[in-house]
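The data block below is final23.tsv; it holds TSV, C-alpha atoms and all ligand atoms.
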```
chain	number	residue	atom	x	y	z
A	30	MET	CA	-8.80	21.46	24.62
A	31	LYS	CA	-7.89	17.96	25.75
A	32	LEU	CA	-8.26	15.18	23.22
A	33	SER	CA	-8.02	11.52	24.11
A	34	LYS	CA	-4.51	10.08	24.44
A	35	ARG	CA	-5.40	7.67	21.67
A	36	ILE	CA	-6.10	10.43	19.17
A	37	ALA	CA	-3.49	12.90	20.40
A	38	SER	CA	-0.81	10.30	19.58
A	39	ILE	CA	-1.74	10.22	15.88
A	40	SER	CA	0.45	12.35	13.59
A	41	PRO	CA	-1.09	14.24	10.70
A	42	SER	CA	0.04	13.06	7.27
A	43	ALA	CA	3.56	14.32	6.58
A	44	THR	CA	2.79	14.35	2.89
A	45	LEU	CA	-0.21	16.60	3.20
A	46	ALA	CA	1.78	19.84	3.51
A	47	ILE	CA	3.65	19.25	0.27
A	48	THR	CA	0.49	18.14	-1.56
A	49	SER	CA	-1.37	21.28	-0.59
A	50	LYS	CA	1.59	23.46	-1.56
A	51	ALA	CA	1.75	21.78	-4.98
A	52	LYS	CA	-1.99	22.26	-5.40
A	53	LYS	CA	-1.71	25.94	-4.58
A	54	MET	CA	1.08	26.41	-7.11
A	55	LYS	CA	-1.04	24.70	-9.78
A	56	GLN	CA	-3.94	27.01	-8.99
A	57	GLU	CA	-1.58	29.92	-9.51
A	58	GLY	CA	-0.99	28.63	-13.02
A	59	ILE	CA	2.43	27.07	-12.41
A	60	ASP	CA	3.11	23.90	-14.42
A	61	VAL	CA	3.76	21.51	-11.54
A	62	ILE	CA	4.52	17.87	-12.39
A	63	GLY	CA	3.32	15.53	-9.67
A	64	PHE	CA	4.84	12.14	-8.84
A	65	GLY	CA	2.74	11.78	-5.73
A	66	ALA	CA	-0.12	9.69	-7.15
A	67	GLY	CA	-1.18	6.89	-4.83
A	68	GLU	CA	-3.80	5.55	-7.22
A	69	PRO	CA	-3.90	4.28	-10.82
A	70	ASP	CA	-4.34	7.03	-13.44
A	71	PHE	CA	-6.86	4.86	-15.33
A	72	ASP	CA	-10.63	5.07	-15.30
A	73	THR	CA	-12.66	2.34	-13.59
A	74	PRO	CA	-13.51	-0.19	-16.36
A	75	SER	CA	-16.96	0.54	-17.81
A	76	HIS	CA	-18.40	-2.95	-17.23
A	77	ILE	CA	-17.79	-2.38	-13.51
A	78	LYS	CA	-19.51	1.01	-13.60
A	79	ASP	CA	-22.42	-0.57	-15.48
A	80	ALA	CA	-22.83	-3.17	-12.74
A	81	ALA	CA	-23.15	-0.37	-10.17
A	82	ILE	CA	-25.68	1.47	-12.33
A	83	LYS	CA	-27.68	-1.73	-12.74
A	84	ALA	CA	-27.66	-2.28	-8.96
A	85	LEU	CA	-28.84	1.31	-8.42
A	86	GLY	CA	-31.57	0.88	-11.04
A	87	SER	CA	-32.87	-2.26	-9.40
A	88	GLY	CA	-33.14	-0.62	-6.00
A	89	LEU	CA	-30.17	-2.28	-4.30
A	90	THR	CA	-29.62	0.85	-2.26
A	91	LYS	CA	-30.37	-0.31	1.27
A	92	TYR	CA	-28.36	-1.73	4.17
A	93	THR	CA	-26.68	-5.01	3.44
A	94	PRO	CA	-25.31	-7.43	6.04
A	95	THR	CA	-22.40	-5.68	7.81
A	96	SER	CA	-19.88	-8.20	6.57
A	97	GLY	CA	-20.93	-7.83	2.92
A	98	ILE	CA	-23.41	-9.33	0.45
A	99	LYS	CA	-23.33	-13.09	-0.06
A	100	GLU	CA	-22.48	-12.78	-3.78
A	101	LEU	CA	-19.39	-10.69	-3.09
A	102	LYS	CA	-18.15	-12.85	-0.24
A	103	GLU	CA	-18.52	-15.90	-2.48
A	104	ALA	CA	-16.68	-14.16	-5.31
A	105	ILE	CA	-13.89	-13.26	-2.87
A	106	CYS	CA	-13.65	-16.91	-1.73
A	107	ARG	CA	-13.39	-18.03	-5.36
A	108	LYS	CA	-10.69	-15.42	-5.98
A	109	PHE	CA	-8.69	-16.75	-3.03
A	110	LYS	CA	-9.00	-20.30	-4.34
A	111	VAL	CA	-8.07	-19.49	-7.93
A	112	ASP	CA	-5.36	-16.88	-7.32
A	113	ASN	CA	-3.83	-18.03	-4.04
A	114	ASN	CA	-4.94	-21.64	-3.58
A	115	LEU	CA	-6.53	-20.59	-0.31
A	116	ASP	CA	-9.72	-22.18	1.00
A	117	TYR	CA	-11.92	-19.72	2.83
A	118	SER	CA	-15.65	-19.81	3.37
A	119	PRO	CA	-17.84	-16.69	3.60
A	120	GLU	CA	-17.63	-16.75	7.43
A	121	ASN	CA	-13.89	-16.13	7.05
A	122	VAL	CA	-14.45	-12.97	4.99
A	123	LEU	CA	-15.32	-9.40	5.98
A	124	VAL	CA	-15.93	-6.73	3.34
A	125	SER	CA	-15.08	-3.21	4.54
A	126	CYS	CA	-14.95	0.38	3.30
A	127	GLY	CA	-11.56	0.00	1.59
A	128	ALA	CA	-8.53	-2.10	2.49
A	129	LYS	CA	-7.50	0.70	4.83
A	130	HIS	CA	-10.66	0.08	6.81
A	131	SER	CA	-9.97	-3.67	6.78
A	132	LEU	CA	-6.51	-3.00	8.20
A	133	TYR	CA	-7.89	-0.69	10.85
A	134	ASN	CA	-10.50	-3.25	11.91
A	135	ALA	CA	-7.86	-5.98	12.08
A	136	ILE	CA	-5.31	-3.97	14.07
A	137	LEU	CA	-7.93	-2.73	16.54
A	138	THR	CA	-9.30	-6.24	16.95
A	139	LEU	CA	-5.89	-7.77	17.69
A	140	CYS	CA	-3.89	-5.10	19.53
A	141	GLU	CA	-4.09	-3.20	22.79
A	142	GLU	CA	-1.94	-1.26	25.25
A	143	ASN	CA	1.57	-2.65	25.78
A	144	ASP	CA	1.39	-4.99	22.80
A	145	GLU	CA	4.19	-4.70	20.27
A	146	VAL	CA	3.72	-4.78	16.52
A	147	ILE	CA	6.68	-5.52	14.27
A	148	LEU	CA	6.69	-3.30	11.21
A	149	PRO	CA	9.45	-3.37	8.58
A	150	SER	CA	10.45	0.06	7.26
A	151	PRO	CA	10.04	1.66	4.84
A	152	TYR	CA	6.36	1.19	5.65
A	153	TRP	CA	3.09	2.48	4.29
A	154	VAL	CA	2.26	5.58	6.34
A	155	SER	CA	-1.04	4.47	7.84
A	156	TYR	CA	0.16	1.29	9.56
A	157	ILE	CA	2.11	3.11	12.20
A	158	GLU	CA	-0.73	5.48	13.04
A	159	MET	CA	-3.23	2.60	13.25
A	160	ILE	CA	-0.89	0.75	15.61
A	161	LYS	CA	-0.65	3.84	17.79
A	162	ALA	CA	-4.42	4.30	17.71
A	163	SER	CA	-4.83	0.77	19.08
A	164	GLY	CA	-2.57	1.65	22.00
A	165	ALA	CA	0.13	-0.80	20.90
A	166	ASN	CA	3.76	0.13	20.25
A	167	PRO	CA	5.29	-0.12	16.78
A	168	VAL	CA	8.67	-1.88	16.64
A	169	ILE	CA	10.37	-0.78	13.45
A	170	VAL	CA	12.74	-3.11	11.61
A	171	LYS	CA	14.82	-1.13	9.16
A	172	THR	CA	15.52	-2.52	5.69
A	173	ASP	CA	17.42	-0.84	2.88
A	174	LYS	CA	18.32	-1.20	-0.75
A	175	GLU	CA	21.25	-3.51	0.00
A	176	SER	CA	18.74	-6.15	1.13
A	177	SER	CA	16.25	-5.14	-1.61
A	178	PHE	CA	14.07	-3.67	1.16
A	179	ARG	CA	13.25	-7.14	2.43
A	180	MET	CA	13.43	-7.89	6.12
A	181	THR	CA	15.61	-10.93	6.85
A	182	PRO	CA	14.35	-13.78	9.06
A	183	LYS	CA	17.17	-12.91	11.47
A	184	GLN	CA	15.91	-9.33	11.76
A	185	LEU	CA	12.42	-10.63	12.48
A	186	SER	CA	13.62	-13.03	15.18
A	187	GLY	CA	15.72	-10.27	16.72
A	188	ALA	CA	12.73	-7.95	17.03
A	189	ILE	CA	10.47	-10.43	18.84
A	190	THR	CA	9.84	-9.97	22.57
A	191	PRO	CA	7.30	-11.60	24.91
A	192	ARG	CA	5.03	-8.65	24.09
A	193	THR	CA	5.02	-9.14	20.32
A	194	LYS	CA	1.47	-9.62	19.16
A	195	LEU	CA	1.51	-8.92	15.45
A	196	PHE	CA	3.72	-8.64	12.39
A	197	ILE	CA	2.69	-6.56	9.38
A	198	LEU	CA	3.74	-7.74	5.93
A	199	ASN	CA	3.18	-5.74	2.74
A	200	SER	CA	4.25	-7.46	-0.46
A	201	PRO	CA	4.47	-6.04	-3.11
A	202	SER	CA	5.29	-3.01	-1.01
A	203	ASN	CA	4.24	0.59	-0.97
A	204	PRO	CA	6.63	2.54	-1.09
A	205	THR	CA	9.40	0.28	-2.46
A	206	GLY	CA	7.55	-2.01	-4.89
A	207	MET	CA	9.61	-4.94	-3.63
A	208	ALA	CA	8.08	-8.39	-3.21
A	209	TYR	CA	9.16	-11.17	-0.86
A	210	THR	CA	10.24	-14.47	-2.41
A	211	GLU	CA	8.62	-17.77	-1.53
A	212	ASP	CA	11.73	-18.76	0.45
A	213	ASP	CA	11.57	-15.49	2.44
A	214	LEU	CA	7.92	-16.15	3.23
A	215	ILE	CA	8.57	-19.74	4.30
A	216	SER	CA	11.23	-18.55	6.78
A	217	ILE	CA	9.02	-15.76	8.09
A	218	SER	CA	6.04	-18.07	8.49
A	219	GLY	CA	8.20	-20.59	10.38
A	220	ILE	CA	9.16	-17.92	12.91
A	221	LEU	CA	5.64	-16.55	13.31
A	222	THR	CA	4.01	-19.95	13.79
A	223	LYS	CA	6.66	-21.04	16.30
A	224	ARG	CA	6.18	-17.89	18.40
A	225	ASN	CA	2.44	-17.70	17.76
A	226	ILE	CA	2.51	-14.13	16.44
A	227	PHE	CA	-0.36	-12.92	14.25
A	228	CYS	CA	0.41	-11.80	10.73
A	229	ILE	CA	-1.44	-9.15	8.74
A	230	SER	CA	-0.58	-9.62	5.09
A	231	ASP	CA	-1.51	-6.56	3.02
A	232	GLU	CA	-1.75	-7.87	-0.54
A	233	ILE	CA	-3.44	-4.88	-2.13
A	234	TYR	CA	-0.79	-4.78	-4.93
A	235	GLU	CA	-1.10	-8.50	-5.67
A	236	LYS	CA	-2.22	-7.97	-9.25
A	237	LEU	CA	0.28	-5.25	-10.06
A	238	ILE	CA	3.33	-7.41	-10.48
A	239	TYR	CA	5.68	-7.49	-13.46
A	240	ASP	CA	8.11	-9.69	-15.39
A	241	GLY	CA	5.86	-12.73	-15.08
A	242	GLU	CA	6.47	-12.95	-11.31
A	243	ARG	CA	3.81	-14.72	-9.30
A	244	HIS	CA	2.38	-13.27	-6.12
A	245	ILE	CA	2.46	-15.66	-3.17
A	246	SER	CA	0.21	-15.19	-0.17
A	247	ILE	CA	1.96	-16.12	3.07
A	248	ALA	CA	-1.33	-17.65	4.25
A	249	SER	CA	-1.07	-20.26	1.49
A	250	LEU	CA	2.09	-21.80	2.96
A	251	GLY	CA	0.27	-24.12	5.36
A	252	GLU	CA	-2.63	-24.49	7.77
A	253	LYS	CA	-0.59	-23.25	10.75
A	254	ILE	CA	0.31	-19.90	9.23
A	255	LYS	CA	-3.16	-19.58	7.68
A	256	ASP	CA	-4.67	-19.89	11.18
A	257	ILE	CA	-2.78	-16.81	12.42
A	258	THR	CA	-2.87	-14.67	9.27
A	259	ILE	CA	-5.35	-12.02	8.22
A	260	VAL	CA	-5.06	-11.41	4.48
A	261	ILE	CA	-6.01	-7.91	3.35
A	262	ASN	CA	-6.91	-7.05	-0.21
A	263	GLY	CA	-9.30	-4.78	-2.10
A	264	MET	CA	-10.58	-3.32	-5.32
A	265	SER	CA	-8.76	0.03	-5.28
A	266	LYS	CA	-5.47	-0.67	-6.98
A	267	ALA	CA	-6.20	-3.58	-9.34
A	268	TYR	CA	-9.45	-2.18	-10.71
A	269	SER	CA	-8.83	1.58	-10.41
A	270	MET	CA	-11.62	1.75	-7.85
A	271	THR	CA	-10.03	3.92	-5.15
A	272	GLY	CA	-13.13	6.09	-4.78
A	273	TRP	CA	-15.54	3.17	-4.42
A	274	ARG	CA	-14.12	2.14	-1.03
A	275	ILE	CA	-14.33	-1.63	-1.10
A	276	GLY	CA	-11.68	-3.75	0.60
A	277	TYR	CA	-11.78	-7.09	2.33
A	278	ALA	CA	-10.10	-9.27	4.92
A	279	ALA	CA	-9.95	-13.04	5.24
A	280	GLY	CA	-8.75	-14.95	8.25
A	281	PRO	CA	-9.61	-17.12	11.24
A	282	ARG	CA	-13.31	-17.00	12.05
A	283	GLU	CA	-12.87	-15.60	15.53
A	284	VAL	CA	-10.79	-12.64	14.37
A	285	ILE	CA	-13.11	-11.91	11.44
A	286	GLN	CA	-16.10	-12.05	13.81
A	287	GLY	CA	-14.39	-9.55	16.15
A	288	MET	CA	-13.64	-7.24	13.24
A	289	SER	CA	-17.22	-7.56	12.04
A	290	ASN	CA	-18.53	-6.63	15.50
A	291	LEU	CA	-16.38	-3.49	15.46
A	292	GLN	CA	-17.62	-2.62	11.96
A	293	ASP	CA	-21.21	-3.25	13.10
A	294	HIS	CA	-20.92	-0.28	15.41
A	295	SER	CA	-18.84	2.03	13.26
A	296	THR	CA	-19.71	2.01	9.54
A	297	SER	CA	-22.07	-0.98	9.17
A	298	ASN	CA	-21.94	-2.31	5.61
A	299	PRO	CA	-19.80	-0.85	2.82
A	300	THR	CA	-21.85	0.92	0.11
A	301	SER	CA	-24.37	-1.53	-1.35
A	302	PHE	CA	-24.00	-0.79	-5.08
A	303	ALA	CA	-20.20	-0.59	-4.80
A	304	GLN	CA	-20.35	-4.15	-3.50
A	305	TYR	CA	-22.35	-5.28	-6.55
A	306	ALA	CA	-19.84	-3.54	-8.81
A	307	SER	CA	-17.05	-5.38	-6.98
A	308	VAL	CA	-18.65	-8.73	-7.82
A	309	GLU	CA	-18.37	-7.74	-11.48
A	310	ALA	CA	-14.76	-6.57	-10.98
A	311	LEU	CA	-13.73	-9.92	-9.54
A	312	THR	CA	-15.74	-12.16	-11.85
A	313	GLY	CA	-15.93	-10.16	-15.11
A	314	SER	CA	-13.34	-9.43	-17.79
A	315	GLN	CA	-9.79	-8.86	-16.53
A	316	ASN	CA	-8.65	-7.31	-19.83
A	317	GLU	CA	-8.39	-3.74	-18.55
A	318	LEU	CA	-6.26	-4.98	-15.67
A	319	LYS	CA	-3.91	-6.71	-18.10
A	320	GLU	CA	-3.61	-3.55	-20.19
A	321	MET	CA	-2.92	-1.46	-17.12
A	322	VAL	CA	-0.20	-3.83	-15.92
A	323	ALA	CA	1.44	-3.73	-19.36
A	324	GLU	CA	1.41	0.06	-19.31
A	325	PHE	CA	2.78	0.25	-15.76
A	326	LYS	CA	5.58	-2.13	-16.71
A	327	LYS	CA	6.59	0.11	-19.63
A	328	ARG	CA	6.66	3.14	-17.38
A	329	ARG	CA	8.53	1.32	-14.63
A	330	ASP	CA	11.23	0.21	-17.06
A	331	PHE	CA	11.62	3.73	-18.35
A	332	MET	CA	11.64	5.31	-14.90
A	333	VAL	CA	14.19	2.90	-13.43
A	334	GLU	CA	16.57	3.41	-16.31
A	335	ARG	CA	16.11	7.18	-16.38
A	336	VAL	CA	16.53	7.61	-12.61
A	337	ASN	CA	19.66	5.49	-12.58
A	338	ALA	CA	21.10	7.66	-15.36
A	339	ILE	CA	20.89	10.72	-13.07
A	340	LYS	CA	24.20	11.25	-11.34
A	341	GLY	CA	23.75	10.87	-7.59
A	342	LEU	CA	20.32	9.17	-7.70
A	343	SER	CA	19.54	5.47	-7.88
A	344	THR	CA	16.68	3.04	-7.48
A	345	VAL	CA	16.30	-0.72	-7.33
A	346	ARG	CA	13.94	-2.25	-9.87
A	347	PRO	CA	10.56	-2.66	-8.17
A	348	GLN	CA	8.78	-5.95	-8.91
A	349	GLY	CA	5.30	-4.65	-8.25
A	350	ALA	CA	2.98	-1.76	-7.27
A	351	PHE	CA	3.59	1.57	-9.08
A	352	TYR	CA	6.34	3.31	-7.16
A	353	CYS	CA	10.10	3.72	-7.39
A	354	PHE	CA	11.85	4.39	-4.09
A	355	VAL	CA	14.78	6.56	-5.05
A	356	ASP	CA	17.98	6.88	-3.04
A	357	ILE	CA	18.91	10.56	-2.73
A	358	GLU	CA	21.53	10.19	0.00
A	359	PRO	CA	24.53	11.05	-2.25
A	360	VAL	CA	23.03	14.47	-3.05
A	361	LEU	CA	22.04	15.44	0.50
A	362	ASN	CA	23.84	18.02	2.62
A	363	LYS	CA	24.03	20.42	-0.31
A	364	SER	CA	22.02	23.54	-1.04
A	365	ILE	CA	20.24	25.43	-3.80
A	366	ASN	CA	19.54	29.17	-3.85
A	367	GLY	CA	20.42	29.33	-0.16
A	368	MET	CA	18.00	26.49	0.73
A	369	ALA	CA	19.73	23.67	2.65
A	370	VAL	CA	18.89	20.19	1.39
A	371	LYS	CA	19.59	17.89	4.29
A	372	ASP	CA	16.93	15.19	4.20
A	373	SER	CA	13.98	13.96	2.15
A	374	PHE	CA	11.69	16.69	3.47
A	375	SER	CA	13.96	19.60	2.56
A	376	PHE	CA	14.82	17.88	-0.76
A	377	THR	CA	11.13	17.61	-1.58
A	378	GLU	CA	10.47	21.22	-0.64
A	379	ALA	CA	13.46	22.57	-2.60
A	380	LEU	CA	12.53	20.42	-5.62
A	381	LEU	CA	9.00	21.78	-5.63
A	382	MET	CA	10.08	25.41	-5.24
A	383	ASN	CA	12.97	25.31	-7.72
A	384	ALA	CA	11.94	22.73	-10.31
A	385	HIS	CA	8.14	22.55	-9.90
A	386	VAL	CA	8.13	18.80	-9.32
A	387	ALA	CA	6.17	17.25	-6.45
A	388	VAL	CA	7.40	13.97	-4.92
A	389	VAL	CA	6.78	12.23	-1.60
A	390	PRO	CA	9.57	12.40	1.00
A	391	GLY	CA	10.85	9.00	2.14
A	392	GLY	CA	10.79	10.30	5.69
A	393	ALA	CA	7.02	9.83	5.61
A	394	PHE	CA	7.66	6.10	5.17
A	395	GLY	CA	10.33	5.95	7.85
A	396	ASP	CA	13.50	6.59	5.80
A	397	SER	CA	14.57	10.11	4.96
A	398	ARG	CA	17.38	9.04	2.61
A	399	TYR	CA	14.84	8.37	-0.13
A	400	ILE	CA	11.98	9.89	-2.09
A	401	ARG	CA	9.02	8.03	-3.61
A	402	LEU	CA	8.12	8.53	-7.26
A	403	SER	CA	4.83	7.16	-8.51
A	404	TYR	CA	4.54	5.95	-12.09
A	405	ALA	CA	0.76	6.12	-12.03
A	406	VAL	CA	1.51	9.23	-14.09
A	407	SER	CA	1.51	9.65	-17.88
A	408	MET	CA	4.68	8.70	-19.73
A	409	GLU	CA	4.98	12.26	-20.99
A	410	ASP	CA	4.95	13.65	-17.44
A	411	ILE	CA	7.41	11.00	-16.29
A	412	LYS	CA	9.81	12.11	-19.04
A	413	ARG	CA	9.40	15.82	-18.38
A	414	GLY	CA	9.48	15.40	-14.62
A	415	LEU	CA	12.66	13.33	-14.57
A	416	GLU	CA	14.37	15.85	-16.82
A	417	ARG	CA	13.52	18.54	-14.30
A	418	ILE	CA	14.75	16.39	-11.43
A	419	GLU	CA	18.02	15.81	-13.25
A	420	SER	CA	18.71	19.49	-13.80
A	421	PHE	CA	17.66	20.23	-10.20
A	422	VAL	CA	20.18	17.70	-8.87
A	423	LYS	CA	22.87	19.24	-11.08
A	424	ARG	CA	22.18	22.64	-9.50
A	425	LEU	CA	22.76	21.37	-5.95
A	426	VAL	CA	26.08	22.61	-4.59
A	501	LIG	C1	-3.63	2.06	-1.26
A	501	LIG	C2	-3.20	1.16	-0.15
A	501	LIG	C3	-4.13	0.60	0.75
A	501	LIG	C4	-5.55	1.05	0.88
A	501	LIG	O1	-6.35	0.90	-0.15
A	501	LIG	P1	-7.92	1.19	-0.02
A	501	LIG	O2	-8.19	2.25	-1.04
A	501	LIG	O3	-8.25	1.61	1.34
A	501	LIG	O4	-8.55	-0.10	-0.38
A	501	LIG	C5	-3.69	-0.30	1.69
A	501	LIG	N1	-2.40	-0.64	1.76
A	501	LIG	C6	-1.47	-0.12	0.95
A	501	LIG	C7	-0.07	-0.52	1.10
A	501	LIG	C8	-1.84	0.81	-0.03
A	501	LIG	O5	-0.90	1.39	-0.80
```
Entire entry expressed as structure tokens:
Amino acid sequence: MKLSKRIASISPSATLAITSKAKKMKQEGIDVIGFGAGEPDFDTPSHIKDAAIKALGSGLTKYTPTSGIKELKEAICRKFKVDNNLDYSPENVLVSCGAKHSLYNAILTLCEENDEVILPSPYWVSYIEMIKASGANPVIVKTDKESSFRMTPKQLSGAITPRTKLFILNSPSNPTGMAYTEDDLISISGILTKRNIFCISDEIYEKLIYDGERHISIASLGEKIKDITIVINGMSKAYSMTGWRIGYAAGPREVIQGMSNLQDHSTSNPTSFAQYASVEALTGSQNELKEMVAEFKKRRDFMVERVNAIKGLSTVRPQGAFYCFVDIEPVLNKSINGMAVKDSFSFTEALLMNAHVAVVPGGAFGDSRYIRLSYAVSMEDIKRGLERIESFVKRLV
């Protein structure tokens, strides 16, 4: 069977195999501790659920405009003004079926065959596949813990060619949790505006930031960079609304219109009552969010300290999101029970089989010297899981 080149080039999720193995072990009654969570382990706040129920009850169950209901687009514009000092009007905003969908719309609207897209690694898994689906070529810029997983302006300049169309920024980052500083962003924006390269800024972890740090949107650094930036955000992470599928993009009118045209002929509008619930999420009480951030911070502090106490493993302190990206390089090229542990994939597999702990291999994010641990997991499981990881590492010979 011959599939299109476009689709044949997409790789299946490298993390899926391990997830399904862990699931199977659980079904067999094995006590598997999972650090794979890519979503908050909190319930959606009840006032948000109530808003959806109210919308359902009042019959708001029909098509809405493709780009989203007026109330939500206005709430999003107010959010941009208050949180990021960004002035957008509703024509600059497109609501989509999750931030992932917003990203997909943006990449397909901007990129085509022979374009190059600069992507710092470690990167969130879906970017690279979306770039490939558009026909463009990803150009990976490698960062590591020595530079706090932040791409330097020099690295960015060095990766630019006449074909460069787009740069993808994700701060705070999945999988590293690192955030770019204002100075970093000023340098990056200077380079992008000079070379007229579009920027997609994925700010989905904006609200999950610790130690009183302030998130800065690159688009807020001036009109020039704002004119070539598409800001991506959504409800999933901040409001524990991963299943509701509401994300949004803001950017130059022409790009947003192109994205909206694509969405017109693929999904049409995102779910009507989920949009009404999102208005409540953005404009209602933010108390649950504050509590969640406080809890994540506690867990992060514990996890960083505990991981760094394990001989051979280390992690930098993430400033945001809910992941620790753990360096396992010192314990590679060893084995356990005859299983060779040579990279993040074999480490992950051996850890699951021998210690019943599921993690995500860094190789899935472009760097196989690391594993990703999520702390969207109860404190008790974090404690038990890290103990198991420690004794597993000790058994490697
Ligand atoms: C979770 C995530 C998204 C997608 O979120 P949606 O549920 O599609 O809104 C986008 N980018 C990153 C980096 C993420 O981790």
Next on the checklist: Need the shell around Leu137 in chain A: protein/DNA/RNA residues with any atom at most 9 Å away, counting only C-alpha atoms. Skip same-chain ones fewer than 5 positions apart. Format as a PyMOL selection string?
Outcome noted: chain A and resi 132+159-160+162-164+288+291
Keeping C-alpha atoms, export the residues of the selection given above as a compact mmCIF listing (two decimals), keeping the file's coordinate frame.
```
# COMPACT_ATOMS: atom_id res chain seq x y z
CA LEU A 132 -6.51 -3.00 8.20
CA MET A 159 -3.23 2.60 13.25
CA ILE A 160 -0.89 0.75 15.61
CA ALA A 162 -4.42 4.30 17.71
CA SER A 163 -4.83 0.77 19.08
CA GLY A 164 -2.57 1.65 22.00
CA MET A 288 -13.64 -7.24 13.24
CA LEU A 291 -16.38 -3.49 15.46
```
Checklist entry - Counting only C-alpha atoms and all ligand atoms, what residues are within 7 Å of ligand LIG 501 (chain A), given as a list in words? => result Gly67, Glu68, Gly127, Ala128, Lys129, His130, Trp153, Asn199, Ser202, Asn203, Asp231, Ile233, Gly263, Met264, Ser265, Lys266, Thr271, Arg274, Ile275 and Gly276 of chain A
Checklist outcome for this item: If you count all atoms listed in the file, the residue of A:Gly272, A:Gly349, A:Gly391, A:Gly251 closest to Asn114 in chain A turns out to be A:Gly251
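Using all atoms listed in the file for every distance, the candidate list A:Leu195, A:Cys126, A:Ala80, A:Ala104 yields A:Leu195 as the residue closest to Glu141 in chain A.
We find CA of Asn298 in chain A and CA of Ile98 in chain A to be spaced 8.8 Å apart.
Of note, CA of Phe302 in chain A and CA of Glu100 in chain A are spaced 12.2 Å apart.
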Please write N, CA, C and O atoms of range 130-141 of chain A, from the structure given just now, as an mmCIF file, in the first residue's frame.
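Saved to result24.cif:
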```
data_model
loop_
_atom_site.group_PDB
_atom_site.id
_atom_site.type_symbol
_atom_site.label_atom_id
_atom_site.label_comp_id
_atom_site.auth_asym_id
_atom_site.auth_seq_id
_atom_site.Cartn_x
_atom_site.Cartn_y
_atom_site.Cartn_z
ATOM 1 N N HIS A 130 -3.259 21.737 17.828
ATOM 2 C CA HIS A 130 -3.942 22.069 16.576
ATOM 3 C C HIS A 130 -3.550 23.472 16.111
ATOM 4 O O HIS A 130 -3.349 23.702 14.909
ATOM 5 N N SER A 131 -3.410 24.402 17.053
ATOM 6 C CA SER A 131 -2.962 25.754 16.696
ATOM 7 C C SER A 131 -1.590 25.691 16.052
ATOM 8 O O SER A 131 -1.325 26.354 15.034
ATOM 9 N N LEU A 132 -0.705 24.902 16.638
ATOM 10 C CA LEU A 132 0.657 24.764 16.102
ATOM 11 C C LEU A 132 0.627 24.160 14.700
ATOM 12 O O LEU A 132 1.340 24.600 13.795
ATOM 13 N N TYR A 133 -0.187 23.155 14.548
ATOM 14 C CA TYR A 133 -0.290 22.477 13.250
ATOM 15 C C TYR A 133 -0.801 23.447 12.180
ATOM 16 O O TYR A 133 -0.241 23.530 11.084
ATOM 17 N N ASN A 134 -1.849 24.197 12.530
ATOM 18 C CA ASN A 134 -2.376 25.198 11.592
ATOM 19 C C ASN A 134 -1.292 26.210 11.222
ATOM 20 O O ASN A 134 -1.147 26.579 10.047
ATOM 21 N N ALA A 135 -0.540 26.664 12.216
ATOM 22 C CA ALA A 135 0.466 27.701 11.971
ATOM 23 C C ALA A 135 1.596 27.158 11.089
ATOM 24 O O ALA A 135 2.017 27.815 10.127
ATOM 25 N N ILE A 136 2.075 25.976 11.394
ATOM 26 C CA ILE A 136 3.205 25.423 10.630
ATOM 27 C C ILE A 136 2.780 25.132 9.193
ATOM 28 O O ILE A 136 3.499 25.442 8.240
ATOM 29 N N LEU A 137 1.562 24.588 9.023
ATOM 30 C CA LEU A 137 1.105 24.314 7.657
ATOM 31 C C LEU A 137 0.815 25.587 6.861
ATOM 32 O O LEU A 137 0.927 25.599 5.642
ATOM 33 N N THR A 138 0.460 26.635 7.572
ATOM 34 C CA THR A 138 0.172 27.902 6.897
ATOM 35 C C THR A 138 1.460 28.599 6.449
ATOM 36 O O THR A 138 1.486 29.262 5.413
ATOM 37 N N LEU A 139 2.532 28.404 7.216
ATOM 38 C CA LEU A 139 3.772 29.130 6.909
ATOM 39 C C LEU A 139 4.757 28.343 6.053
ATOM 40 O O LEU A 139 5.532 28.942 5.313
ATOM 41 N N CYS A 140 4.772 27.019 6.167
ATOM 42 C CA CYS A 140 5.899 26.249 5.616
ATOM 43 C C CYS A 140 5.507 25.378 4.444
ATOM 44 O O CYS A 140 4.386 24.875 4.370
ATOM 45 N N GLU A 141 6.471 25.174 3.548
ATOM 46 C CA GLU A 141 6.270 24.251 2.428
ATOM 47 C C GLU A 141 7.586 23.592 2.063
ATOM 48 O O GLU A 141 8.601 23.817 2.721
#
```
